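Peer 1: Have a look at this one.
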Amino acid sequence: MSTPKLALKTLVISMAAAMAAPVLADTKQLPRIDVVGQGEDAVTKQPGSVAIVTKEDLQLQQPLSTEDALRRVPGINIKGEEETAVVANIGMRGLSSAEQKSLILEDGVPVAPGLFIGNGRYYNPRIQRMESIEVVKGAASLRYGPSTIGGVINYKTKTPDDGVSLSGRVGSHNMKEVTLEAGGSSPSGDAFAGIVATKAQSDGFMGKGYEMEDIMIKAGMAIGDNQMLGFKFSHTANDANISYRGLLLDDYKAGKTYNPAPDDWYLQERKAFDINHEIQLNDNAKLRTLVYWSDVSRDYWRYSAETEVVGQDSDGKDIKESVSSANAGRWLYTNSVTGNNRSFERIGLDTRLNLDYNAFGMQNESEFGLRVFTEESNDTRIRATRSQDRTGNNDRHRQDSANSYAVYGQNKFIINDKLAVTPGLRVESYQQKRVVLTDNNKTTSTSNTEVLPGVGATYQLNPMVQVYGGVYQAFSPAENGTSLTGDVDQKLEAERSTNIEVGVRGANNQMYYELTAFQMDFSNQVVDGNSDPALDKENAGKTLHQGLEAAFGIKLDGGFSIDTNLTYIPTSKFEAGDDKGNRISYSPEIMANLILGYKTGGLRTELAVHHTGEQYGSSDNQEEIGGSGTTGIEGIWGGKLDAYTTMDLNAYYTVNKQLSVFGAVKNLTDERYIAGLRQGIYAGPSRSFELGARYKF
């Protein structure tokens with residue numbers, strides 16, 4: 001084990017031992033690192049765009065996944081692959097939702113299995129344990145890095161109330177779900193512990209069944225009058241009958257809904273442990289420290305499908321089709337199975353000092369932070385047959401690792417009661433290494449340091465009008481699988497973007513609004529191909545993203561309300577390379593949401609309309625849907641995806657203090673649409689029904 005990892009693990013164990021005493025306070029607010037924070041002025045303090053998915057929003061919407069909940073947030077596009085979103089496909093502000101250039105946190109902790117070693121999509125937290133979601137874009141995201149180009153998403157977990165509650169729901173495709181929440185405090189009120197546990201299963205839309213278990217235990221304690229200590233342990237297991245393969249085009253057009261890869265399985269497990277400590281040093285100084293550890297395993301067992309070359313296109317590239325003409329054009333699977341099995345372990349430390357002071361004739365609020373973590377992965381590829389039952393020859397065994405160190409500081413100059421200016425600087429240094437055990441332990445390594453300045457400002461014109469804006473440098477590291485492709489250092493720099501944002505917002509008890517204009521200008525995205533024949537990649541992909549986000553909500557008479565938002569991204573294109581002038585894949589020009597709500601007594605209902613504009617499935621912007629290039633039918637598919645609009649009808653009724661009932665009809669009009677492409681077509685989920693109840697004992 002590396003020295004940084006050993007030191008951090010020792011720190012975790014030492015702090016865990018300090019938890020032997022009982023736990024915390026009346027509010028049940030355990031210490032944690034929030035992105036937006038709490039309080040009536042939390043949003044207006046941010047020099048950037050902010051969206052909050054509240055506890056009440058989640059309660060009424062009853063989403064099946066975090067991606068369901070994020071679909072309504074301005075600027076976010078979801079490339080849907082299956083309804084529970086075991087794998088994350090989230091794009092922000094014109095960044096492709098097939099890539100990961102936005103930072104995703106849970107209670108301030110990175111959730112991607114590997115930030116530097118890849119792959120960021122292999123784990124997506126379960127929505128059942130979430131209380132709310134914070135989404136921050138613009139200069140405010142500089143504090144968190146790396147991969148904050150699009151912004152930061154922070155899932156905030158539940159802290160159970162005292163007592164026990166049990167909730168459950170059933171729905172289409174034989175879906176069953178039950179969640180237990182239980183909490184308790186010590187007689188003195190300075191100690192608390194709680195648990196949230198969920199078990200769910202379904203046959204799944206298109207037969208993509210799943211079984212999911214999720215357990216989270218939280219506890220905390222007050223230490224004297226000025227300190228709090230909290231910890232959280234979570235364990236998630238997902239067995240999902242999903243694959244890279246989608247429907248073939250003819251079957252999609254015919255309205256077929258079978259599972260195109262019925263024997264493929266995605267088996268995922270994650271364990272994580274967080275410790276938070278907070279101390280109020282004096283009236284003007286607070287120190288928060290977070291230590292975290294996670295372990296993710298992902299075994300992906302996929303059967304090979306046979307194809308044959310049936311001709312060539314006008315460019316002389318092979319055209320491939322499924323061998324199985326007798327099987328209505330479906331994939332024909334062989335007895336050969338491959339297990340792409342990977343595990344990831346990370347341990348990290350994040351500490352932040354907040355200071356309030358007067359200087360330069362004005363009030364100042366400073367934050368200084370240090371973050372250090374190390375992550376490792378073990379990547380094996382098992383070749384087997386059906387009869388071998390997932391055992392066989394390991395023909396590729398790689399170990400990736402990365403160490404990262406980051407420091408940052410920012411100071412908010414509160415010039416007067418209207419204007420605040422916040423400059424900041426983040427320095428991120430990291431080292432990456434790959435060892436190929438199946439190639440005589442061949443070792444390749446690289447390192448990089450990024451200096452990321454930024455400045456943001458807010459100006460309160462009047463109680464209903466705040467202007468904000470900022471400019472900052474953001475980056476996304478080239479992960480091991482890219483920077484060390486072919487086990488050779490590709491000599492890549494991190495992808496860098498200069499981000500500019502300006503907006504206006506306001507809110508009172510009856511309405512809110514926000515309008516934001518943004519630009520992200522990449523100087524060096526990583527692309528395939530290189531002038532050096534010994535290398536496969538290069539920093540040559542200049543891209544430009546420009547757009548607007550608008551949100552508006554109002555409460556009307558009689559219990560009615562309207563919430564709506566629109567994202568318009570006219571520019572999301574390559575400015576260099578073979579794809580110059582083409583639009584970024586999975587980056588629709590228009591996205592919109594309209595939510596019509598009604599509330600009376602204990603009843604809350606809403607009709608939610610979601611629209612996603614047309615988008616391309618590949619960066620070459622091919623129009624016809626099908627295999628791209630010589631990879632043919634088994635390769636990454638491209639083509640133009642038509643725009644689609646879906647409607648959900650949700651209701652939540654509070655019968656009394658103990659009992660609530662809820663229900664939903666999702667995709668009310670049974671819209672048939674293509675949610676994404678990979679090796680085939682991912683059809684969006686058809687109309688489904690859900691019914692549930694919650695009882696607090």
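In the structure tokens, chains take the letters A, B, ... in the order shown, each chain's residues start at 1, and ligands count up from 1 in the order shown.
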If you run DSSP on the backbone, which residues of range 125-174 of chain A are strand (DSSP E), as a list in words?
Peer 2: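 Those in range 125-174 of chain A that DSSP calls strand (DSSP E) are Met130, Glu131, Ser132, Ile133, Glu134, Val135, Val136, Val152, Ile153, Asn154, Tyr155, Lys156, Thr157, Gly163, Val164, Ser165, Leu166, Ser167, Gly168, Arg169, Val170 and Gly171 of chain A.
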Peer 1: Please identify all polymer residues within 6 Å of Ser587 in chain A, counting only C-alpha atoms, omitting same-chain residues fewer than 5 positions from it, and present them as a PyMOL selection string.
Peer 2: chain A and resi 94+96+615
Peer 1: Choose the residue, out of A:Asp250, A:Glu623, A:Asp225, A:Glu181, that has the smallest atom-to-atom separation from Glu278 in chain A; count only C-alpha atoms.
Peer 2: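 Nearest to Glu278 in chain A: A:Asp225.
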Peer 1: Between A:Tyr123, A:Tyr513, A:Tyr144, A:Phe373, which residue has the minimum interatomic distance to Ser49 in chain A, considering only C-alpha atoms?
Peer 2: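 The answer is A:Tyr513, which sits nearest to Ser49 in chain A.
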Peer 1: For Met92 in chain A, please output as a VMD selection string all residues within 12 Å (counting only C-alpha atoms; exclusion window: fewer than 4 positions along the same chain).
Peer 2: chain A and resid 70 to 71 73 to 79 96 to 104 135 to 138 147 to 153 518 520 545 to 547 549 567 569 572 586 to 588 591
